[in-house]
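Everything below concerns the one structure shown next.
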Amino acid sequence: MSGKLAKAKNFKKSKPGTYLSIGTTLFGAVGVVKQAKKAKGEHDTLQLVDAVVSAAAIITGVALLVRELRRLNDDDVLAG
């Protein structure tokens with residue numbers, strides 16, 4: 001395993017970085033909502049499906065980030 005890969009694998013996210021990631025991910029949801037509304041208005045099923053899949057990806061991403069945040073909080077309790 002290369003040194004860079006080992007460092008990246010052992011890299012621990014910070015709380016502020018995780019909060020920032022959650023915020024930017026949720027900000028992307030605004031575009032997905034607009035896309036869904038436009039697709040619904042134009043009766044474009046394919047674009048609506050794309051918006052639904054994108055929304056699912058955003059939900060999954062936020063859930064993963066929240067889990068990471070909980071792990072960071074658990075680590076703080078154990079460290080103290």
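Each chain in the structure tokens gets a letter, A, B, ..., in the order shown, and its residues are numbered from 1; ligands are numbered from 1 in order too.
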
Excluding Glu68 of chain A and residues on its chain fewer than 5 positions from it, collect all residues at most 9 Å away from it, counting only C-alpha atoms, and give them as a short mmCIF file (atom, residue, chain, number, x, y, z; two decimals) with N, CA, C and O atoms, in the first residue's frame.
data_model
loop_
_atom_site.label_atom_id
_atom_site.label_comp_id
_atom_site.auth_asym_id
_atom_site.auth_seq_id
_atom_site.Cartn_x
_atom_site.Cartn_y
_atom_site.Cartn_z
N LYS A 13 -11.87 12.53 9.83
CA LYS A 13 -12.55 13.79 9.52
C LYS A 13 -12.72 14.61 10.79
O LYS A 13 -12.87 14.07 11.88
N LYS A 15 -14.92 17.52 12.98
CA LYS A 15 -16.33 17.88 13.15
C LYS A 15 -16.72 19.04 12.23
O LYS A 15 -17.73 18.95 11.54
N THR A 18 -17.05 17.85 8.73
CA THR A 18 -18.24 17.01 8.54
C THR A 18 -19.49 17.86 8.47
O THR A 18 -20.37 17.64 7.63
N ALA A 63 -26.93 10.77 5.50
CA ALA A 63 -26.97 9.73 6.54
C ALA A 63 -25.56 9.22 6.87
O ALA A 63 -25.22 9.02 8.04
N ASN A 73 -18.18 12.03 17.74
CA ASN A 73 -18.64 12.36 19.09
C ASN A 73 -18.33 11.22 20.06
O ASN A 73 -17.94 11.46 21.20
#

Task: Close residues, segment 52-58 of chain A itself excluded, 7 Å, only C-alpha atoms, min 3 positions apart in chain, as an MDAnalysis selection string - done: chainID A and resid 25 29 32 48:49 61:62

Okay, now the selection with C-alpha atoms, as a short mmCIF file (atom, residue, chain, number, x, y, z; two decimals), in the first residue's frame?
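That gives us again32.cif:
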data_model
loop_
_atom_site.label_atom_id
_atom_site.label_comp_id
_atom_site.auth_asym_id
_atom_site.auth_seq_id
_atom_site.Cartn_x
_atom_site.Cartn_y
_atom_site.Cartn_z
CA THR A 25 -24.77 18.19 0.47
CA ALA A 29 -30.87 19.31 -2.52
CA VAL A 32 -32.79 18.55 -7.03
CA LEU A 48 -38.34 13.15 -12.61
CA VAL A 49 -36.77 9.72 -12.12
CA GLY A 61 -24.84 10.91 1.71
CA VAL A 62 -26.26 12.92 4.60
#

Task: Selected residue of minimal separation from Ala51 of chain A among A:Ser21, A:Ser14, A:Leu72, A:Lys37, counting only C-alpha atoms - done: A:Lys37

Task: Å distance separating atom CA of Leu26 of chain A from atom CA of Thr45 of chain A, one decimal place - done: 23.7 Å

Open item on the list: Would you compute the distance between atom CA of Gly31 of chain A and atom CA of Asp50 of chain A? Give it in Å to one decimal.
Closed with: 12.0 Å

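Using only C-alpha atoms, the shortest contact distance between Val33 of chain A and any of A:Gln47, A:Leu65, A:Asp75, A:Tyr19 is found at A:Gln47.
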